[in-house]
file query-v7.cif (mmCIF, C-alpha atoms)
data_coords
loop_
_atom_site.label_atom_id
_atom_site.label_comp_id
_atom_site.auth_asym_id
_atom_site.auth_seq_id
_atom_site.Cartn_x
_atom_site.Cartn_y
_atom_site.Cartn_z
CA MET A 1 0.00 0.00 0.00
CA ARG A 2 0.94 3.66 -0.27
CA ILE A 3 0.90 5.27 3.18
CA VAL A 4 1.21 8.92 4.22
CA ILE A 5 2.17 9.44 7.86
CA ALA A 6 2.10 12.82 9.60
CA LEU A 7 4.28 12.97 12.71
CA GLY A 8 3.12 15.32 15.45
CA GLY A 9 5.52 17.66 17.19
CA ASN A 10 5.85 15.17 20.07
CA ALA A 11 7.74 12.86 17.73
CA LEU A 12 10.54 15.41 17.77
CA LEU A 13 10.23 17.18 21.09
CA ARG A 14 8.10 15.92 23.96
CA ARG A 15 6.07 18.32 26.05
CA GLY A 16 8.24 20.26 28.47
CA GLU A 17 11.56 19.05 27.02
CA PRO A 18 14.30 21.59 26.24
CA PRO A 19 14.69 21.96 22.44
CA THR A 20 18.21 20.52 22.36
CA THR A 21 19.67 18.58 19.46
CA ALA A 22 20.19 15.56 21.73
CA ASN A 23 16.52 15.50 22.77
CA GLN A 24 15.28 15.85 19.21
CA ARG A 25 17.60 13.19 17.85
CA ARG A 26 16.60 10.75 20.59
CA ASN A 27 12.92 11.27 19.87
CA VAL A 28 13.42 11.00 16.11
CA ARG A 29 15.26 7.72 16.70
CA ILE A 30 12.20 6.43 18.59
CA ALA A 31 9.93 7.64 15.77
CA ALA A 32 12.09 5.90 13.17
CA GLY A 33 11.79 2.67 15.13
CA ALA A 34 7.99 2.91 14.96
CA LEU A 35 7.98 3.72 11.22
CA ALA A 36 10.53 1.17 10.04
CA PRO A 37 8.15 -1.85 10.20
CA ILE A 38 5.66 0.03 8.01
CA ALA A 39 8.36 1.08 5.55
CA ARG A 40 9.43 -2.56 5.18
CA ARG A 41 5.91 -3.53 4.05
CA HIS A 42 4.61 -0.44 2.21
CA ASP A 43 5.50 2.66 0.20
CA LEU A 44 5.91 5.44 2.76
CA VAL A 45 5.69 9.24 2.64
CA ILE A 46 6.38 11.15 5.88
CA SER A 47 5.37 14.66 6.92
CA HIS A 48 5.99 16.26 10.29
CA GLY A 49 5.24 19.19 12.56
CA ASN A 50 7.72 21.99 13.25
CA GLY A 51 6.08 24.17 15.90
CA PRO A 52 8.80 23.95 18.56
CA GLN A 53 11.56 24.41 16.00
CA VAL A 54 9.97 27.43 14.31
CA GLY A 55 9.34 28.89 17.75
CA LEU A 56 13.03 28.48 18.61
CA LEU A 57 14.15 30.14 15.37
CA ALA A 58 11.66 32.96 15.90
CA LEU A 59 13.06 33.47 19.38
CA GLN A 60 16.58 33.70 17.95
CA GLY A 61 15.34 36.11 15.32
CA ALA A 62 13.81 38.33 17.99
CA ALA A 63 17.36 39.34 18.94
CA CYS A 64 17.93 40.82 15.47
CA LYS A 65 16.91 44.19 14.10
CA PRO A 66 13.44 44.13 12.52
CA ASP A 67 14.85 44.35 8.98
CA GLU A 68 17.31 41.50 9.65
CA THR A 69 14.88 38.81 10.79
CA TYR A 70 13.98 35.97 8.46
CA PRO A 71 10.31 35.65 7.41
CA LEU A 72 8.25 32.59 8.27
CA ASP A 73 8.56 30.97 4.86
CA ILE A 74 12.36 30.94 5.26
CA LEU A 75 12.07 29.56 8.80
CA ASP A 76 9.74 26.83 7.51
CA ALA A 77 12.32 25.88 4.90
CA GLU A 78 15.06 25.77 7.54
CA THR A 79 13.05 23.49 9.80
CA GLU A 80 12.09 21.20 6.91
CA GLY A 81 15.77 20.69 6.20
CA MET A 82 16.78 20.22 9.84
CA ILE A 83 14.00 17.82 10.83
CA GLY A 84 14.08 15.98 7.52
CA TYR A 85 17.80 15.39 7.96
CA LEU A 86 17.27 13.79 11.37
CA ILE A 87 14.40 11.58 10.18
CA GLU A 88 16.22 10.57 7.01
CA GLN A 89 19.38 9.65 8.87
CA GLU A 90 17.76 7.70 11.71
CA LEU A 91 15.39 5.85 9.38
CA GLY A 92 18.24 5.10 7.01
CA ASN A 93 20.25 3.62 9.87
CA LEU A 94 17.43 1.13 10.48
CA LEU A 95 16.76 0.47 6.80
CA PRO A 96 20.16 0.49 5.07
CA ASP A 97 18.70 -1.19 1.99
CA ARG A 98 16.09 1.56 1.43
CA ARG A 99 16.62 4.99 -0.10
CA CYS A 100 15.31 8.08 1.71
CA ALA A 101 14.98 11.66 0.46
CA THR A 102 14.01 14.91 2.16
CA LEU A 103 12.26 17.41 -0.11
CA LEU A 104 11.59 21.08 0.57
CA THR A 105 7.93 21.50 -0.31
CA GLN A 106 6.24 24.68 -1.46
CA ILE A 107 2.48 24.75 -0.98
CA GLU A 108 0.26 27.35 -2.58
CA VAL A 109 -2.26 29.26 -0.52
CA ASP A 110 -4.85 31.83 -1.57
CA PRO A 111 -3.68 35.39 -0.76
CA LYS A 112 -7.36 36.25 -0.34
CA ASP A 113 -7.94 33.47 2.21
CA PRO A 114 -9.97 34.94 5.11
CA ALA A 115 -7.28 33.63 7.47
CA PHE A 116 -5.03 36.52 6.44
CA GLY A 117 -7.51 38.91 7.98
CA HIS A 118 -7.78 36.88 11.18
CA PRO A 119 -4.36 35.64 12.33
CA ASP A 120 -4.89 33.09 15.08
CA LYS A 121 -1.99 30.62 14.92
CA PRO A 122 0.38 31.24 17.89
CA ILE A 123 4.10 30.84 17.29
CA GLY A 124 7.29 31.60 19.15
CA PRO A 125 7.83 32.64 22.78
CA VAL A 126 5.49 34.32 25.25
CA TYR A 127 5.74 38.04 26.11
CA SER A 128 4.44 40.42 28.72
CA GLU A 129 1.76 42.84 27.63
CA ILE A 130 4.25 45.71 27.48
CA GLU A 131 6.68 43.65 25.39
CA ALA A 132 3.87 42.54 23.11
CA GLN A 133 2.77 46.11 22.49
CA ARG A 134 6.35 47.17 21.71
CA LEU A 135 6.92 44.29 19.29
CA ALA A 136 3.60 44.86 17.58
CA LYS A 137 4.62 48.48 16.96
CA GLU A 138 8.24 47.80 16.01
CA ARG A 139 7.79 44.69 13.88
CA GLY A 140 4.19 44.93 12.72
CA TRP A 141 3.31 41.64 14.43
CA SER A 142 -0.20 40.63 15.44
CA MET A 143 -0.26 39.64 19.12
CA ALA A 144 -2.89 37.75 21.10
CA ARG A 145 -3.33 36.82 24.73
CA ASP A 146 -2.12 33.36 25.70
CA GLY A 147 -3.13 32.80 29.32
CA ALA A 148 -1.35 35.43 31.41
CA HIS A 149 0.98 36.33 28.54
CA PHE A 150 0.92 37.26 24.88
CA ARG A 151 2.25 35.49 21.79
CA ARG A 152 2.69 36.39 18.18
CA VAL A 153 -0.11 35.03 15.98
CA VAL A 154 0.04 34.50 12.24
CA PRO A 155 -2.48 33.53 9.56
CA SER A 156 -3.11 29.85 8.87
CA PRO A 157 -4.60 29.64 5.35
CA GLY A 158 -5.75 26.39 3.82
CA PRO A 159 -3.38 24.46 1.52
CA GLN A 160 -4.37 24.43 -2.14
CA ARG A 161 -1.58 23.01 -4.29
CA ILE A 162 1.68 21.14 -3.72
CA PHE A 163 4.18 22.35 -6.30
CA GLU A 164 6.64 19.48 -5.87
CA LEU A 165 3.93 16.81 -6.20
CA SER A 166 5.28 15.35 -9.45
CA VAL A 167 8.74 15.00 -7.91
CA ILE A 168 7.29 13.28 -4.83
CA GLU A 169 5.29 10.94 -7.06
CA LEU A 170 8.40 10.09 -9.09
CA LEU A 171 10.45 9.30 -5.98
CA VAL A 172 7.72 7.15 -4.42
CA SER A 173 7.27 5.22 -7.67
CA GLN A 174 10.97 4.34 -7.46
CA GLY A 175 10.65 2.97 -3.94
CA VAL A 176 12.12 6.01 -2.17
CA ILE A 177 10.87 6.92 1.32
CA VAL A 178 10.03 10.61 0.96
CA ILE A 179 10.02 13.15 3.80
CA CYS A 180 8.14 16.25 2.67
CA ALA A 181 5.53 18.93 3.49
CA GLY A 182 7.14 19.40 6.91
CA GLY A 183 5.41 21.91 9.15
CA GLY A 184 2.61 22.18 6.60
CA GLY A 185 5.05 23.06 3.85
CA ILE A 186 6.41 26.45 2.82
CA PRO A 187 3.45 28.82 2.26
CA THR A 188 3.66 30.53 -1.13
CA VAL A 189 1.43 32.71 -3.31
CA ARG A 190 1.51 33.65 -6.96
CA ARG A 191 2.35 37.16 -8.14
CA GLU A 192 0.41 38.70 -10.99
CA ASP A 193 3.09 37.53 -13.44
CA GLY A 194 2.69 33.94 -12.25
CA SER A 195 5.92 33.76 -10.28
CA LEU A 196 6.00 32.45 -6.71
CA ILE A 197 6.91 34.19 -3.48
CA GLY A 198 6.73 33.10 0.15
CA ILE A 199 4.23 34.63 2.52
CA GLU A 200 4.03 35.13 6.29
CA ALA A 201 1.76 32.26 7.34
CA VAL A 202 1.73 28.79 8.86
CA ILE A 203 -0.19 26.04 7.06
CA ASP A 204 -1.77 23.42 9.28
CA LYS A 205 0.39 20.29 9.10
CA ASP A 206 -2.52 17.83 9.20
CA LEU A 207 -4.51 19.57 6.46
CA ALA A 208 -1.40 19.74 4.27
CA SER A 209 -0.77 16.03 4.90
CA ALA A 210 -4.34 15.17 3.94
CA LEU A 211 -3.94 17.12 0.68
CA LEU A 212 -0.67 15.28 0.05
CA ALA A 213 -2.32 11.91 0.68
CA ARG A 214 -5.25 12.72 -1.61
CA GLU A 215 -3.04 13.93 -4.45
CA LEU A 216 -0.78 10.88 -4.16
CA LYS A 217 -3.85 8.60 -4.15
CA ALA A 218 -2.63 7.03 -0.92
CA ASP A 219 -4.40 4.03 0.53
CA ALA A 220 -4.10 5.29 4.10
CA LEU A 221 -3.33 8.44 6.09
CA LEU A 222 -2.01 8.17 9.65
CA LEU A 223 -1.98 11.23 11.91
CA LEU A 224 0.28 10.35 14.82
CA THR A 225 0.29 12.34 18.03
CA ASP A 226 0.77 11.83 21.78
CA THR A 227 -2.82 10.73 22.38
CA ASP A 228 -3.73 7.08 21.95
CA ALA A 229 -7.04 7.83 20.17
CA VAL A 230 -9.69 10.44 19.47
CA TYR A 231 -11.81 10.91 22.59
CA GLN A 232 -15.43 11.91 22.84
CA GLY A 233 -15.89 14.22 25.82
CA TRP A 234 -12.14 14.80 26.22
CA GLY A 235 -11.29 16.26 29.62
CA THR A 236 -14.52 15.12 31.25
CA PRO A 237 -15.17 12.20 33.62
CA GLY A 238 -17.15 10.47 30.89
CA ALA A 239 -14.43 10.69 28.23
CA ARG A 240 -14.24 7.60 26.04
CA ALA A 241 -11.93 6.58 23.25
CA ILE A 242 -13.43 6.24 19.78
CA ARG A 243 -12.02 3.15 18.12
CA CYS A 244 -13.91 2.78 14.83
CA ILE A 245 -16.17 5.39 13.26
CA THR A 246 -17.36 6.69 9.91
CA SER A 247 -16.29 10.14 8.77
CA GLN A 248 -19.91 11.29 8.76
CA ALA A 249 -20.41 10.29 12.38
CA LEU A 250 -17.08 11.82 13.42
CA ARG A 251 -17.96 15.16 11.83
CA GLU A 252 -21.04 15.37 14.05
CA LEU A 253 -18.88 15.54 17.19
CA ASP A 254 -17.13 18.63 18.58
CA PHE A 255 -13.37 18.87 19.00
CA ALA A 256 -11.01 21.63 20.09
CA PRO A 257 -10.01 23.77 17.06
CA GLY A 258 -6.42 24.11 18.23
CA SER A 259 -5.66 20.44 18.85
CA MET A 260 -7.78 17.50 17.71
CA GLY A 261 -10.07 19.54 15.46
CA PRO A 262 -7.68 19.87 12.48
CA LYS A 263 -6.75 16.19 12.69
CA VAL A 264 -10.40 15.12 12.58
CA ARG A 265 -11.09 17.46 9.66
CA ALA A 266 -8.02 16.24 7.77
CA ALA A 267 -8.88 12.58 8.33
CA CYS A 268 -12.49 13.04 7.25
CA GLU A 269 -11.56 14.95 4.10
CA PHE A 270 -9.12 12.23 3.06
CA VAL A 271 -11.59 9.40 3.70
CA GLU A 272 -14.50 11.12 1.97
CA GLN A 273 -12.54 12.10 -1.13
CA THR A 274 -10.58 8.87 -1.61
CA GLY A 275 -12.43 6.07 0.14
CA GLY A 276 -9.18 5.20 1.89
CA MET A 277 -8.60 4.60 5.58
CA ALA A 278 -7.43 7.23 8.07
CA GLY A 279 -6.09 6.60 11.55
CA ILE A 280 -5.36 8.87 14.50
CA GLY A 281 -3.33 7.70 17.48
CA GLN A 282 0.03 7.64 19.17
CA LEU A 283 3.33 7.09 17.45
CA SER A 284 4.20 3.85 19.23
CA ASP A 285 1.00 2.27 17.85
CA ALA A 286 1.65 3.21 14.21
CA LEU A 287 1.67 -0.31 12.80
CA ALA A 288 -1.25 -1.42 14.99
CA ILE A 289 -3.31 1.60 13.85
CA LEU A 290 -2.65 0.69 10.24
CA ASP A 291 -3.83 -2.85 10.99
CA GLY A 292 -6.97 -1.52 12.72
CA LYS A 293 -5.92 -2.76 16.16
CA ALA A 294 -5.25 0.57 17.92
CA GLY A 295 -6.01 4.27 17.77
CA THR A 296 -9.09 5.64 16.04
CA VAL A 297 -9.85 4.24 12.59
CA ILE A 298 -11.98 6.41 10.31
CA ALA A 299 -13.67 4.97 7.23
CA ARG A 300 -16.19 6.25 4.73
CA ASP A 301 -18.55 3.33 5.35
CA ALA A 302 -19.35 1.45 8.54
CA VAL A 303 -16.40 -0.44 10.00
#
call {"tool": "encode", "arguments": {"input": "query-v7.cif", "output": "structure tokens"}}
result
Amino acid sequence: MRIVIALGGNALLRRGEPPTTANQRRNVRIAAGALAPIARRHDLVISHGNGPQVGLLALQGAACKPDETYPLDILDAETEGMIGYLIEQELGNLLPDRRCATLLTQIEVDPKDPAFGHPDKPIGPVYSEIEAQRLAKERGWSMARDGAHFRRVVPSPGPQRIFELSVIELLVSQGVIVICAGGGGIPTVRREDGSLIGIEAVIDKDLASALLARELKADALLLLTDTDAVYQGWGTPGARAIRCITSQALRELDFAPGSMGPKVRAACEFVEQTGGMAGIGQLSDALAILDGKAGTVIARDAV
């Protein structure tokens, strides 16, 4: 089968861990161990989150003068290279007979997407209210309250087109394990003359992965996170894990927009448009989710 797997940020940096190279490499090694059995049996395409890494680069950039900082599209490209390198190396160590390739991936978004008028995706460090006001004035950033602090927020437009799709398809057809669309890909828009340019935005990683899976005509999409399944009534005494469900039934339930919501939407869109299988669960259960023995399995028809 052809499988697209989206690794959540926890695959690279667990909650509360310092963003050191040693921590990230250790976690990537664990992730590679979970993915290797799937790669031995199927064609595999891997995407990943980059929130902690982009936040770290944004923090470093905050020490620069406003006209010296790198824009988000450049930071996305940097993190795609860094994280892809770690995944490619650790997976290659486990599968010396398989070829791996990391591909910087530009994804087109609509410059008229309503998200550009309503930035709501938090990135980078937290600031005091006074610091937030100063940065908003000096750098033109949009700031929003995050608990007792403030964080920079950026637009999160929907992904529309993957420009490197034909290259990804070619590599997969030759048996290459491809690592691409990291962090939702590099957000780009078209100028009036048809040329491309990056734009200050962050594309949702799960929605970009679902688009990738649909365009590649994948048989399955796995969205791996630090939760063992999708839960109905999450955070309440009556919370229960959903093991098997149709996309229609899943859409009728409510999920937090900043966490499980995008994963549910991505899984449902893939299932409904391809008839394939989608699974949501924790990284260590990757193979079991694919076999329908763990996580939450979403199908178009009753399972």
call {"tool": "residues_around", "arguments": {"input": "query-v7.cif", "residues": "Asn50 in chain A", "least_positions_apart": "5", "cutoff": "12 Å", "atoms": "all atoms listed in the file", "output": "PyMOL selection string"}}
result
chain A and resi 6-13+19+24+55-58+72+75-84+123-124+181-186+202-206
call {"tool": "resolve_selection", "arguments": {"input": "query-v7.cif", "expression": "the PyMOL selection byres ((chain A and resi 140-142) around 8)", "output": "JSON, numbers by chain"}}
result
{"A": [119, 135, 136, 137, 138, 139, 143, 144, 152, 153, 154]}
call {"tool": "residues_around", "arguments": {"input": "query-v7.cif", "residues": "Phe270 in chain A", "least_positions_apart": "6", "cutoff": "10 Å", "atoms": "all atoms listed in the file", "output": "PyMOL selection string"}}
result
chain A and resi 207+209-215+217-221+247+276-278+298-300
call {"tool": "closest_residue", "arguments": {"input": "query-v7.cif", "among": "A:Asp285, A:Asp301, A:Glu108, A:Asp43", "to": "Val4 in chain A", "atoms": "all atoms listed in the file"}}
result
A:Asp43
call {"tool": "resolve_selection", "arguments": {"input": "query-v7.cif", "expression": "the PyMOL selection byres ((chain A and resi 90-102) around 9)", "output": "PyMOL selection string"}}
result
chain A and resi 25+28-33+35-36+39-40+80-81+84-89+103-104+171+175-180
call {"tool": "resolve_selection", "arguments": {"input": "query-v7.cif", "expression": "the PyMOL selection byres ((chain A and resi 150) around 8)", "output": "list in words"}}
result
Val126, Tyr127, Ser128, Glu129, Ala132, Met143, Ala144, Arg145, Asp146, Gly147, Ala148, His149, Arg151 and Arg152 of chain A
call {"tool": "write_last_selection", "arguments": {"input": "query-v7.cif", "atoms": "C-alpha atoms", "output": "mmCIF file, keeping the file's coordinate frame"}}
result
data_model
loop_
_atom_site.group_PDB
_atom_site.id
_atom_site.type_symbol
_atom_site.label_atom_id
_atom_site.label_comp_id
_atom_site.auth_asym_id
_atom_site.auth_seq_id
_atom_site.Cartn_x
_atom_site.Cartn_y
_atom_site.Cartn_z
ATOM 1 C CA VAL A 126 5.490 34.320 25.250
ATOM 2 C CA TYR A 127 5.740 38.040 26.110
ATOM 3 C CA SER A 128 4.440 40.420 28.720
ATOM 4 C CA GLU A 129 1.760 42.840 27.630
ATOM 5 C CA ALA A 132 3.870 42.540 23.110
ATOM 6 C CA MET A 143 -0.260 39.640 19.120
ATOM 7 C CA ALA A 144 -2.890 37.750 21.100
ATOM 8 C CA ARG A 145 -3.330 36.820 24.730
ATOM 9 C CA ASP A 146 -2.120 33.360 25.700
ATOM 10 C CA GLY A 147 -3.130 32.800 29.320
ATOM 11 C CA ALA A 148 -1.350 35.430 31.410
ATOM 12 C CA HIS A 149 0.980 36.330 28.540
ATOM 13 C CA ARG A 151 2.250 35.490 21.790
ATOM 14 C CA ARG A 152 2.690 36.390 18.180
#
call {"tool": "closest_residue", "arguments": {"input": "query-v7.cif", "among": "A:Ile130, A:Leu223, A:Val271, A:Ala241", "to": "Leu290 in chain A", "atoms": "all atoms listed in the file"}}
result
A:Leu223
call {"tool": "atom_distance", "arguments": {"input": "query-v7.cif", "atom1": "CA of Glu68 in chain A", "atom2": "CA of Arg134 in chain A"}}
result
17.3 Å
call {"tool": "closest_residue", "arguments": {"input": "query-v7.cif", "among": "A:Phe255, A:Ala201, A:Val264, A:Lys112", "to": "Gly235 in chain A", "atoms": "all atoms listed in the file"}}
result
A:Phe255
call {"tool": "axis_aligned_box", "arguments": {"input": "query-v7.cif", "around": "range 239-255 of chain A", "padding_each_side": "6 Å", "output": "lines of an AutoDock Vina configuration file"}}
result
center_x = -16.5
center_y = 10.8
center_z = 18.5
size_x = 21.1
size_y = 28.1
size_z = 31.5
call {"tool": "closest_residue", "arguments": {"input": "query-v7.cif", "among": "A:Asp120, A:Asp254, A:Glu272, A:Glu192", "to": "Gln232 in chain A", "atoms": "all atoms listed in the file"}}
result
A:Asp254
call {"tool": "atom_distance", "arguments": {"input": "query-v7.cif", "atom1": "CA of Gly279 in chain A", "atom2": "CA of Ser156 in chain A"}}
result
23.6 Å
call {"tool": "decode", "arguments": {"input": "query-v7.cif", "residues": "range 259-284 of chain A", "atoms": "N, CA and C atoms", "output": "JSON list (two decimals), in the first residue's frame"}}
result
[["chain", "number", "residue", "atom", "x", "y", "z"],
["A", 259, "SER", "N", -6.37, 21.69, 18.59],
["A", 259, "SER", "CA", -5.66, 20.44, 18.85],
["A", 259, "SER", "C", -6.20, 19.31, 17.98],
["A", 260, "MET", "N", -7.27, 18.64, 18.44],
["A", 260, "MET", "CA", -7.78, 17.50, 17.71],
["A", 260, "MET", "C", -8.64, 17.90, 16.51],
["A", 261, "GLY", "N", -9.19, 19.10, 16.54],
["A", 261, "GLY", "CA", -10.07, 19.54, 15.46],
["A", 261, "GLY", "C", -9.47, 19.42, 14.07],
["A", 262, "PRO", "N", -8.28, 19.99, 13.82],
["A", 262, "PRO", "CA", -7.68, 19.87, 12.48],
["A", 262, "PRO", "C", -7.39, 18.43, 12.07],
["A", 263, "LYS", "N", -7.02, 17.59, 13.02],
["A", 263, "LYS", "CA", -6.75, 16.19, 12.69],
["A", 263, "LYS", "C", -8.02, 15.48, 12.24],
["A", 264, "VAL", "N", -9.12, 15.72, 12.95],
["A", 264, "VAL", "CA", -10.40, 15.12, 12.58],
["A", 264, "VAL", "C", -10.83, 15.61, 11.20],
["A", 265, "ARG", "N", -10.71, 16.91, 10.97],
["A", 265, "ARG", "CA", -11.09, 17.46, 9.66],
["A", 265, "ARG", "C", -10.24, 16.86, 8.55],
["A", 266, "ALA", "N", -8.92, 16.78, 8.78],
["A", 266, "ALA", "CA", -8.02, 16.24, 7.77],
["A", 266, "ALA", "C", -8.35, 14.78, 7.46],
["A", 267, "ALA", "N", -8.57, 14.00, 8.52],
["A", 267, "ALA", "CA", -8.88, 12.58, 8.33],
["A", 267, "ALA", "C", -10.18, 12.40, 7.57],
["A", 268, "CYS", "N", -11.19, 13.16, 7.92],
["A", 268, "CYS", "CA", -12.49, 13.04, 7.25],
["A", 268, "CYS", "C", -12.41, 13.43, 5.78],
["A", 269, "GLU", "N", -11.68, 14.52, 5.49],
["A", 269, "GLU", "CA", -11.56, 14.95, 4.10],
["A", 269, "GLU", "C", -10.86, 13.89, 3.26],
["A", 270, "PHE", "N", -9.83, 13.27, 3.80],
["A", 270, "PHE", "CA", -9.12, 12.23, 3.06],
["A", 270, "PHE", "C", -10.03, 11.04, 2.80],
["A", 271, "VAL", "N", -10.72, 10.58, 3.83],
["A", 271, "VAL", "CA", -11.59, 9.40, 3.70],
["A", 271, "VAL", "C", -12.71, 9.66, 2.71],
["A", 272, "GLU", "N", -13.34, 10.82, 2.82],
["A", 272, "GLU", "CA", -14.50, 11.12, 1.97],
["A", 272, "GLU", "C", -14.12, 11.31, 0.51],
["A", 273, "GLN", "N", -12.93, 11.81, 0.25],
["A", 273, "GLN", "CA", -12.54, 12.10, -1.13],
["A", 273, "GLN", "C", -11.80, 10.94, -1.81],
["A", 274, "THR", "N", -11.34, 9.97, -1.02],
["A", 274, "THR", "CA", -10.58, 8.87, -1.61],
["A", 274, "THR", "C", -11.16, 7.50, -1.33],
["A", 275, "GLY", "N", -11.95, 7.38, -0.26],
["A", 275, "GLY", "CA", -12.43, 6.07, 0.14],
["A", 275, "GLY", "C", -11.40, 5.27, 0.89],
["A", 276, "GLY", "N", -10.23, 5.88, 1.15],
["A", 276, "GLY", "CA", -9.18, 5.20, 1.89],
["A", 276, "GLY", "C", -9.45, 5.21, 3.39],
["A", 277, "MET", "N", -8.49, 4.70, 4.13],
["A", 277, "MET", "CA", -8.60, 4.60, 5.58],
["A", 277, "MET", "C", -7.72, 5.66, 6.23],
["A", 278, "ALA", "N", -8.22, 6.29, 7.29],
["A", 278, "ALA", "CA", -7.43, 7.23, 8.07],
["A", 278, "ALA", "C", -7.37, 6.74, 9.51],
["A", 279, "GLY", "N", -6.25, 7.00, 10.15],
["A", 279, "GLY", "CA", -6.09, 6.60, 11.55],
["A", 279, "GLY", "C", -5.45, 7.71, 12.35],
["A", 280, "ILE", "N", -5.91, 7.87, 13.59],
["A", 280, "ILE", "CA", -5.36, 8.87, 14.50],
["A", 280, "ILE", "C", -4.98, 8.16, 15.79],
["A", 281, "GLY", "N", -3.75, 8.35, 16.25],
["A", 281, "GLY", "CA", -3.33, 7.70, 17.48],
["A", 281, "GLY", "C", -1.89, 8.04, 17.80],
["A", 282, "GLN", "N", -1.31, 7.31, 18.74],
["A", 282, "GLN", "CA", 0.03, 7.64, 19.17],
["A", 282, "GLN", "C", 1.08, 6.93, 18.32],
["A", 283, "LEU", "N", 2.24, 7.55, 18.30],
["A", 283, "LEU", "CA", 3.33, 7.09, 17.45],
["A", 283, "LEU", "C", 3.69, 5.63, 17.68],
["A", 284, "SER", "N", 3.77, 5.21, 18.93],
["A", 284, "SER", "CA", 4.20, 3.85, 19.23],
["A", 284, "SER", "C", 3.24, 2.80, 18.69]]
